[in-house]
$ cat start.tsv   # TSV, C-alpha atoms
chain	number	residue	atom	x	y	z
A	801	MET	CA	80.84	-79.39	209.67
A	802	ALA	CA	77.20	-80.23	210.21
A	803	VAL	CA	75.30	-78.91	213.22
A	804	THR	CA	74.23	-81.56	215.71
A	805	SER	CA	70.60	-82.51	215.14
A	806	THR	CA	68.27	-80.69	217.54
A	807	ASP	CA	64.69	-79.53	217.94
A	808	HIS	CA	65.00	-75.83	217.14
A	809	THR	CA	61.53	-75.00	218.52
A	810	SER	CA	63.26	-74.28	221.84
A	811	GLY	CA	65.28	-71.49	220.21
A	812	VAL	CA	68.56	-73.12	221.27
A	813	LEU	CA	71.53	-72.87	218.90
A	814	ARG	CA	74.07	-75.71	218.92
A	815	ALA	CA	76.90	-74.49	216.64
A	816	ARG	CA	80.05	-73.55	218.54
A	817	PRO	CA	83.45	-72.26	217.32
A	818	GLU	CA	85.34	-74.82	219.37
A	819	GLN	CA	83.81	-77.60	217.27
A	820	ILE	CA	86.25	-76.68	214.51
A	821	ALA	CA	89.85	-77.66	215.21
A	822	ALA	CA	91.72	-75.48	212.72
A	823	PRO	CA	89.62	-73.46	210.25
A	824	ALA	CA	91.30	-71.65	207.40
A	825	ALA	CA	91.26	-67.87	206.98
A	826	ALA	CA	88.30	-66.45	205.05
A	827	THR	CA	88.82	-64.26	201.97
A	828	PRO	CA	88.19	-60.56	202.75
A	829	GLY	CA	85.05	-58.94	201.34
A	830	ARG	CA	81.33	-59.67	201.15
A	831	HIS	CA	80.22	-63.17	200.31
A	832	PRO	CA	76.86	-64.96	199.94
A	833	LEU	CA	76.18	-67.71	202.43
A	834	ASP	CA	75.14	-70.06	199.60
A	835	LEU	CA	72.93	-72.09	201.92
A	836	ASP	CA	69.59	-71.33	200.26
A	837	GLY	CA	68.74	-70.21	196.74
A	838	ARG	CA	65.68	-68.17	197.72
A	839	ARG	CA	66.30	-66.57	201.14
A	840	ASP	CA	69.98	-66.86	201.92
A	841	GLY	CA	72.19	-64.27	203.60
A	842	ALA	CA	75.74	-62.97	203.44
A	843	PHE	CA	78.82	-62.37	205.53
A	844	LEU	CA	81.49	-59.70	205.62
A	845	VAL	CA	85.15	-60.37	206.34
A	846	PRO	CA	87.23	-57.20	206.88
A	847	ALA	CA	90.65	-56.91	205.32
A	848	GLY	CA	93.77	-57.47	207.40
A	849	LEU	CA	92.58	-60.20	209.76
A	850	ASP	CA	95.33	-62.42	211.16
A	851	PRO	CA	94.37	-66.03	210.27
A	852	ALA	CA	96.18	-67.23	213.38
A	853	LYS	CA	94.16	-64.96	215.68
A	854	PRO	CA	90.49	-65.69	216.42
A	855	ALA	CA	88.29	-62.80	215.30
A	856	PRO	CA	85.21	-61.34	216.98
A	857	LEU	CA	81.88	-62.08	215.27
A	858	ILE	CA	78.62	-60.15	215.10
A	859	VAL	CA	75.51	-61.98	213.89
A	860	ALA	CA	73.26	-59.26	212.43
A	861	LEU	CA	69.52	-59.68	211.91
A	862	HIS	CA	67.53	-57.52	209.48
A	863	GLY	CA	64.14	-55.92	210.07
A	864	ALA	CA	60.77	-57.06	208.68
A	865	GLY	CA	60.93	-57.49	204.91
A	866	GLY	CA	64.67	-56.88	204.99
A	867	ILE	CA	67.68	-58.55	203.44
A	868	ALA	CA	71.25	-59.24	204.49
A	869	ARG	CA	72.76	-56.30	202.60
A	870	GLN	CA	70.91	-53.78	204.78
A	871	VAL	CA	72.46	-54.92	208.06
A	872	LEU	CA	75.87	-55.46	206.45
A	873	ASP	CA	75.73	-51.83	205.30
A	874	LEU	CA	74.77	-50.79	208.82
A	875	LEU	CA	77.84	-52.47	210.37
A	876	ALA	CA	80.38	-52.35	207.53
A	877	MET	CA	82.30	-49.28	208.70
A	878	GLN	CA	82.72	-50.56	212.26
A	879	ALA	CA	83.55	-54.06	211.03
A	880	GLY	CA	86.42	-52.70	208.99
A	881	ARG	CA	87.58	-50.31	211.70
A	882	HIS	CA	87.59	-52.87	214.49
A	883	GLY	CA	88.33	-56.12	212.62
A	884	VAL	CA	84.97	-57.82	213.19
A	885	ILE	CA	83.42	-60.50	210.98
A	886	VAL	CA	79.70	-59.90	210.37
A	887	LEU	CA	77.25	-62.71	209.57
A	888	ALA	CA	73.84	-61.66	208.22
A	889	PRO	CA	71.45	-64.60	207.74
A	890	GLU	CA	68.04	-63.93	206.20
A	891	SER	CA	64.74	-65.04	207.72
A	892	ARG	CA	62.88	-67.89	206.02
A	893	GLY	CA	59.79	-65.70	205.59
A	894	SER	CA	59.15	-61.97	205.52
A	895	THR	CA	60.23	-61.72	209.17
A	896	TRP	CA	61.62	-63.96	211.93
A	897	ASP	CA	59.91	-67.19	212.94
A	898	VAL	CA	58.92	-66.36	216.53
A	899	ILE	CA	57.13	-63.24	215.28
A	900	ARG	CA	55.15	-65.49	212.92
A	901	GLY	CA	54.24	-68.09	215.54
A	902	GLY	CA	57.19	-69.85	217.17
A	903	TYR	CA	60.87	-70.77	217.01
A	904	GLY	CA	62.00	-73.30	214.44
A	905	PRO	CA	63.11	-72.73	210.83
A	906	ASP	CA	65.04	-69.50	211.39
A	907	VAL	CA	66.86	-70.92	214.40
A	908	ALA	CA	67.85	-73.94	212.31
A	909	PHE	CA	69.09	-71.71	209.49
A	910	ILE	CA	71.11	-69.48	211.82
A	911	ASP	CA	72.69	-72.64	213.25
A	912	ARG	CA	73.73	-73.71	209.73
A	913	ALA	CA	75.07	-70.23	208.98
A	914	LEU	CA	77.10	-70.15	212.20
A	915	ALA	CA	78.55	-73.58	211.49
A	916	LYS	CA	79.69	-72.36	208.07
A	917	ILE	CA	81.38	-69.24	209.49
A	918	PHE	CA	83.10	-71.29	212.18
A	919	GLN	CA	84.60	-73.42	209.41
A	920	LEU	CA	85.81	-70.43	207.39
A	921	HIS	CA	87.78	-68.47	209.98
A	922	PRO	CA	88.85	-68.80	213.63
A	923	ILE	CA	86.25	-67.10	215.86
A	924	ASP	CA	86.87	-65.95	219.43
A	925	PRO	CA	84.23	-67.78	221.52
A	926	ALA	CA	84.37	-65.01	224.15
A	927	ARG	CA	83.51	-62.29	221.60
A	928	ILE	CA	80.35	-63.28	219.73
A	929	ALA	CA	77.47	-60.79	219.63
A	930	LEU	CA	73.91	-61.01	218.34
A	931	SER	CA	72.67	-57.79	216.80
A	932	GLY	CA	69.53	-56.66	215.05
A	933	PHE	CA	67.38	-53.74	213.90
A	934	SER	CA	63.61	-53.43	214.40
A	935	ASP	CA	62.07	-56.94	214.14
A	936	GLY	CA	65.65	-58.20	214.01
A	937	ALA	CA	66.35	-56.44	217.33
A	938	SER	CA	63.26	-58.03	218.91
A	939	TYR	CA	64.38	-61.42	217.65
A	940	GLY	CA	67.96	-60.75	218.71
A	941	LEU	CA	66.94	-59.94	222.28
A	942	SER	CA	64.74	-63.03	222.42
A	943	LEU	CA	67.22	-65.44	220.85
A	944	GLY	CA	70.17	-63.82	222.58
A	945	VAL	CA	69.00	-64.41	226.15
A	946	ILE	CA	68.07	-67.99	225.25
A	947	ASN	CA	71.60	-68.50	223.94
A	948	GLY	CA	73.60	-66.54	226.51
A	949	GLU	CA	76.20	-69.32	226.55
A	950	LEU	CA	77.02	-68.47	222.92
A	951	PHE	CA	76.42	-64.68	222.75
A	952	ASP	CA	78.20	-62.58	225.34
A	953	HIS	CA	76.62	-59.39	223.98
A	954	ILE	CA	73.30	-58.40	222.41
A	955	LEU	CA	73.11	-55.20	220.35
A	956	ALA	CA	69.44	-54.25	219.86
A	957	PHE	CA	68.64	-51.24	217.68
A	958	SER	CA	64.98	-50.13	218.00
A	959	PRO	CA	63.43	-53.35	219.34
A	960	GLY	CA	59.69	-53.86	219.74
A	961	PHE	CA	59.41	-56.75	222.21
A	962	MET	CA	61.05	-59.84	223.69
A	963	ALA	CA	59.77	-63.44	223.57
A	964	PRO	CA	62.42	-65.73	225.08
A	965	ALA	CA	61.46	-69.35	225.67
A	966	SER	CA	64.17	-69.65	228.33
A	967	THR	CA	67.33	-67.89	229.50
A	968	ALA	CA	70.99	-68.89	229.80
A	969	ASP	CA	73.89	-67.00	231.39
A	970	ALA	CA	73.66	-63.21	231.29
A	971	PRO	CA	74.86	-61.49	228.10
A	972	ARG	CA	75.56	-57.77	228.31
A	973	ILE	CA	72.95	-55.81	226.39
A	974	PHE	CA	73.02	-52.58	224.38
A	975	VAL	CA	69.70	-50.99	223.38
A	976	SER	CA	69.06	-47.83	221.36
A	977	HIS	CA	65.83	-46.21	220.20
A	978	GLY	CA	64.78	-43.00	218.46
A	979	ILE	CA	62.40	-40.85	220.49
A	980	HIS	CA	60.42	-40.01	217.32
A	981	ASP	CA	60.13	-43.63	216.09
A	982	GLU	CA	56.69	-44.00	214.46
A	983	VAL	CA	57.19	-47.64	213.40
A	984	LEU	CA	57.96	-49.05	216.86
A	985	PRO	CA	57.14	-46.20	219.27
A	986	ILE	CA	59.61	-45.88	222.10
A	987	ASP	CA	57.15	-45.81	225.02
A	988	PRO	CA	55.59	-49.30	224.62
A	989	CYS	CA	58.86	-50.73	223.28
A	990	SER	CA	62.33	-49.89	224.64
A	991	ARG	CA	61.03	-47.85	227.58
A	992	ARG	CA	59.31	-51.02	228.78
A	993	ILE	CA	61.89	-53.56	227.63
A	994	VAL	CA	64.94	-51.93	229.24
A	995	PRO	CA	63.54	-51.60	232.79
A	996	ALA	CA	62.31	-55.21	232.60
A	997	LEU	CA	65.79	-56.38	231.57
A	998	ARG	CA	67.40	-54.42	234.39
A	999	ARG	CA	64.94	-55.83	236.93
A	1000	ALA	CA	65.92	-59.28	235.69
A	1001	GLY	CA	69.55	-58.50	236.48
A	1002	TYR	CA	70.96	-57.85	233.00
A	1003	ASP	CA	73.75	-55.32	232.43
A	1004	VAL	CA	72.04	-52.91	230.01
A	1005	GLU	CA	73.41	-49.79	228.35
A	1006	TYR	CA	70.53	-47.77	226.90
A	1007	HIS	CA	70.60	-44.80	224.53
A	1008	GLU	CA	67.72	-42.69	223.29
A	1009	PHE	CA	68.40	-40.33	220.40
A	1010	ASP	CA	66.60	-37.54	218.58
A	1011	GLY	CA	65.42	-39.45	215.52
A	1012	GLY	CA	63.04	-42.00	214.08
A	1013	HIS	CA	63.22	-45.65	213.05
A	1014	VAL	CA	66.89	-45.54	212.11
A	1015	VAL	CA	70.31	-46.38	213.54
A	1016	PRO	CA	72.72	-43.41	213.55
A	1017	PRO	CA	76.39	-44.30	212.85
A	1018	ASP	CA	77.53	-43.00	216.25
A	1019	ILE	CA	75.09	-45.37	217.95
A	1020	VAL	CA	76.51	-48.31	215.98
A	1021	GLU	CA	80.01	-47.26	217.00
A	1022	ARG	CA	79.04	-47.09	220.70
A	1023	ALA	CA	77.49	-50.52	220.52
A	1024	VAL	CA	80.47	-52.15	218.81
A	1025	VAL	CA	83.01	-50.48	221.10
A	1026	ARG	CA	81.09	-51.74	224.15
A	1027	PHE	CA	81.00	-55.22	222.69
A	1028	LEU	CA	84.75	-55.25	222.12
A	1029	ALA	CA	85.75	-53.54	225.39

$ encode --input "start.tsv" --output "structure tokens"
Amino acid sequence: MAVTSTDHTSGVLRARPEQIAAPAAATPGRHPLDLDGRRDGAFLVPAGLDPAKPAPLIVALHGAGGIARQVLDLLAMQAGRHGVIVLAPESRGSTWDVIRGGYGPDVAFIDRALAKIFQLHPIDPARIALSGFSDGASYGLSLGVINGELFDHILAFSPGFMAPASTADAPRIFVSHGIHDEVLPIDPCSRRIVPALRRAGYDVEYHEFDGGHVVPPDIVERAVVRFLA
């Protein structure tokens, strides 16, 4: 089903799971999105999903210069353990559009990717999270608060900043950051972002860990468990 035409420069996503009356069940495993021959993306469907039961969905955004496989690898264990579908679209350029100058092409592509997933398997509209690492975490925080009506949780691993054009609803937010991060140092990044989010009234769970620009498996598990709680 095609996404309703919209000006994506606002950062607003239009695809919704309720637009699809009765999607079929997706085949378990990793699959390419097949939406673009150059920069595409992939999605992961864990084994054992009940096609009659809407599944939770995590949209996972890679870091600068990254690809879909990296964030699928990051979430694969938890996806299988907890029965979560993971969608990993790739940015149109080396990183996400707002970091390169403004919302637009990546928002449009994520909308197309969401519409495809919503056609492939029933998705629980109350359990959709936006996740990301590094630049993907910065973009996830920004896009997530714009689209709070779609994403009830944001999972941000080592973000650098936020640049929302607007806000909607109040998604619950999980943030983690390594205290020895030399790529996006914690002091000007998460230690500024998290207090600002809390002052704005967001429900934020924040974890610092003894490490660098990485995401430890136990941090991923905490984030996913909070999302599904």

$ closest_residue --input "start.tsv" --among "A:Ile928, A:Ala968, A:Val1014, A:Val975" --to "A:Pro995" --atoms "only C-alpha atoms"
A:Val975

$ closest_residue --input "start.tsv" --among "A:Pro851, A:Pro856, A:Pro905, A:Pro846" --to "A:Ala879" --atoms "all atoms listed in the file"
A:Pro846

$ closest_residue --input "start.tsv" --among "A:Ala1029, A:Gly960, A:Glu1021, A:Arg991" --to "A:Arg972" --atoms "all atoms listed in the file"
A:Ala1029

$ closest_residue --input "start.tsv" --among "A:Asp807, A:Asp906, A:Asp873, A:Asp969" --to "A:Arg839" --atoms "all atoms listed in the file"
A:Asp906

$ residues_around --input "start.tsv" --residues "A:Pro1017" --least-positions-apart "6" --cutoff "9 Å" --atoms "all atoms listed in the file" --output "list in words"
Leu874, Leu875, Met877 and Gln878 of chain A

$ atom_distance --input "start.tsv" --atom1 "atom CA of A:His1007" --atom2 "atom CA of A:Phe933"
14.3 Å

$ closest_residue --input "start.tsv" --among "A:Ala965, A:Ser958, A:Pro828, A:Arg999" --to "A:Ile986" --atoms "all atoms listed in the file"
A:Ser958

$ atom_distance --input "start.tsv" --atom1 "atom CA of A:Asp981" --atom2 "atom CA of A:Val945"
24.7 Å

$ residues_around --input "start.tsv" --residues "stretch 1011-1013 of chain A" --least-positions-apart "5" --cutoff "8 Å" --atoms "all atoms listed in the file" --output "PyMOL selection string"
chain A and resi 934+958+977-984

$ write_last_selection --input "start.tsv" --atoms "C-alpha atoms" --output "JSON list (two decimals), in the frame of the given file"
[["chain", "number", "residue", "atom", "x", "y", "z"],
["A", 934, "SER", "CA", 63.61, -53.43, 214.40],
["A", 958, "SER", "CA", 64.98, -50.13, 218.00],
["A", 977, "HIS", "CA", 65.83, -46.21, 220.20],
["A", 978, "GLY", "CA", 64.78, -43.00, 218.46],
["A", 979, "ILE", "CA", 62.40, -40.85, 220.49],
["A", 980, "HIS", "CA", 60.42, -40.01, 217.32],
["A", 981, "ASP", "CA", 60.13, -43.63, 216.09],
["A", 982, "GLU", "CA", 56.69, -44.00, 214.46],
["A", 983, "VAL", "CA", 57.19, -47.64, 213.40],
["A", 984, "LEU", "CA", 57.96, -49.05, 216.86]]

$ atom_distance --input "start.tsv" --atom1 "atom CA of A:Ile973" --atom2 "atom CA of A:Ala956"
7.6 Å

$ build_atoms --input "start.tsv" --residues "stretch 957-978 of chain A" --atoms "N, CA, C and O atoms" --output "mmCIF file, keeping the file's coordinate frame"
data_model
loop_
_atom_site.group_PDB
_atom_site.id
_atom_site.type_symbol
_atom_site.label_atom_id
_atom_site.label_comp_id
_atom_site.auth_asym_id
_atom_site.auth_seq_id
_atom_site.Cartn_x
_atom_site.Cartn_y
_atom_site.Cartn_z
ATOM 1 N N PHE A 957 68.947 -52.576 218.197
ATOM 2 C CA PHE A 957 68.640 -51.240 217.680
ATOM 3 C C PHE A 957 67.144 -51.143 217.377
ATOM 4 O O PHE A 957 66.638 -51.798 216.466
ATOM 5 N N SER A 958 66.429 -50.362 218.177
ATOM 6 C CA SER A 958 64.980 -50.130 218.000
ATOM 7 C C SER A 958 64.145 -51.398 218.092
ATOM 8 O O SER A 958 63.392 -51.729 217.168
ATOM 9 N N PRO A 959 64.234 -52.141 219.205
ATOM 10 C CA PRO A 959 63.430 -53.350 219.340
ATOM 11 C C PRO A 959 61.979 -53.040 219.685
ATOM 12 O O PRO A 959 61.665 -51.954 220.202
ATOM 13 N N GLY A 960 61.097 -54.033 219.423
ATOM 14 C CA GLY A 960 59.690 -53.860 219.740
ATOM 15 C C GLY A 960 59.233 -54.678 220.925
ATOM 16 O O GLY A 960 58.306 -54.292 221.638
ATOM 17 N N PHE A 961 59.855 -55.850 221.143
ATOM 18 C CA PHE A 961 59.410 -56.750 222.210
ATOM 19 C C PHE A 961 60.493 -57.793 222.454
ATOM 20 O O PHE A 961 61.497 -57.853 221.759
ATOM 21 N N MET A 962 60.221 -58.660 223.427
ATOM 22 C CA MET A 962 61.050 -59.840 223.690
ATOM 23 C C MET A 962 60.135 -61.041 223.884
ATOM 24 O O MET A 962 59.069 -60.914 224.479
ATOM 25 N N ALA A 963 60.563 -62.217 223.394
ATOM 26 C CA ALA A 963 59.770 -63.440 223.570
ATOM 27 C C ALA A 963 60.695 -64.629 223.785
ATOM 28 O O ALA A 963 60.684 -65.584 223.012
ATOM 29 N N PRO A 964 61.523 -64.596 224.853
ATOM 30 C CA PRO A 964 62.420 -65.730 225.080
ATOM 31 C C PRO A 964 61.669 -66.938 225.621
ATOM 32 O O PRO A 964 60.768 -66.803 226.451
ATOM 33 N N ALA A 965 62.046 -68.120 225.149
ATOM 34 C CA ALA A 965 61.460 -69.350 225.670
ATOM 35 C C ALA A 965 62.153 -69.799 226.939
ATOM 36 O O ALA A 965 61.611 -70.580 227.718
ATOM 37 N N SER A 966 63.381 -69.319 227.153
ATOM 38 C CA SER A 966 64.170 -69.650 228.330
ATOM 39 C C SER A 966 65.316 -68.648 228.396
ATOM 40 O O SER A 966 65.436 -67.785 227.530
ATOM 41 N N THR A 967 66.163 -68.756 229.424
ATOM 42 C CA THR A 967 67.330 -67.890 229.500
ATOM 43 C C THR A 967 68.550 -68.717 229.876
ATOM 44 O O THR A 967 68.437 -69.771 230.492
ATOM 45 N N ALA A 968 69.734 -68.208 229.482
ATOM 46 C CA ALA A 968 70.990 -68.890 229.800
ATOM 47 C C ALA A 968 72.073 -67.843 229.983
ATOM 48 O O ALA A 968 72.218 -66.941 229.157
ATOM 49 N N ASP A 969 72.847 -67.976 231.068
ATOM 50 C CA ASP A 969 73.890 -67.000 231.390
ATOM 51 C C ASP A 969 73.304 -65.581 231.408
ATOM 52 O O ASP A 969 72.106 -65.409 231.561
ATOM 53 N N ALA A 970 74.127 -64.589 231.218
ATOM 54 C CA ALA A 970 73.660 -63.210 231.290
ATOM 55 C C ALA A 970 74.455 -62.331 230.338
ATOM 56 O O ALA A 970 75.391 -61.632 230.751
ATOM 57 N N PRO A 971 74.141 -62.358 229.033
ATOM 58 C CA PRO A 971 74.860 -61.490 228.100
ATOM 59 C C PRO A 971 74.666 -60.020 228.438
ATOM 60 O O PRO A 971 73.619 -59.619 228.963
ATOM 61 N N ARG A 972 75.686 -59.220 228.172
ATOM 62 C CA ARG A 972 75.560 -57.770 228.310
ATOM 63 C C ARG A 972 74.739 -57.263 227.135
ATOM 64 O O ARG A 972 74.839 -57.777 226.022
ATOM 65 N N ILE A 973 73.927 -56.242 227.391
ATOM 66 C CA ILE A 973 72.950 -55.810 226.390
ATOM 67 C C ILE A 973 73.077 -54.322 226.113
ATOM 68 O O ILE A 973 73.213 -53.515 227.044
ATOM 69 N N PHE A 974 73.043 -53.974 224.840
ATOM 70 C CA PHE A 974 73.020 -52.580 224.380
ATOM 71 C C PHE A 974 71.702 -52.358 223.649
ATOM 72 O O PHE A 974 71.353 -53.130 222.754
ATOM 73 N N VAL A 975 70.971 -51.313 224.030
ATOM 74 C CA VAL A 975 69.700 -50.990 223.380
ATOM 75 C C VAL A 975 69.707 -49.519 222.992
ATOM 76 O O VAL A 975 70.118 -48.659 223.781
ATOM 77 N N SER A 976 69.258 -49.215 221.782
ATOM 78 C CA SER A 976 69.060 -47.830 221.360
ATOM 79 C C SER A 976 67.686 -47.678 220.728
ATOM 80 O O SER A 976 67.114 -48.646 220.202
ATOM 81 N N HIS A 977 67.162 -46.447 220.787
ATOM 82 C CA HIS A 977 65.830 -46.210 220.200
ATOM 83 C C HIS A 977 65.657 -44.718 219.945
ATOM 84 O O HIS A 977 66.038 -43.882 220.782
ATOM 85 N N GLY A 978 65.082 -44.387 218.798
ATOM 86 C CA GLY A 978 64.780 -43.000 218.460
ATOM 87 C C GLY A 978 63.516 -42.530 219.160
ATOM 88 O O GLY A 978 62.496 -43.232 219.135
#
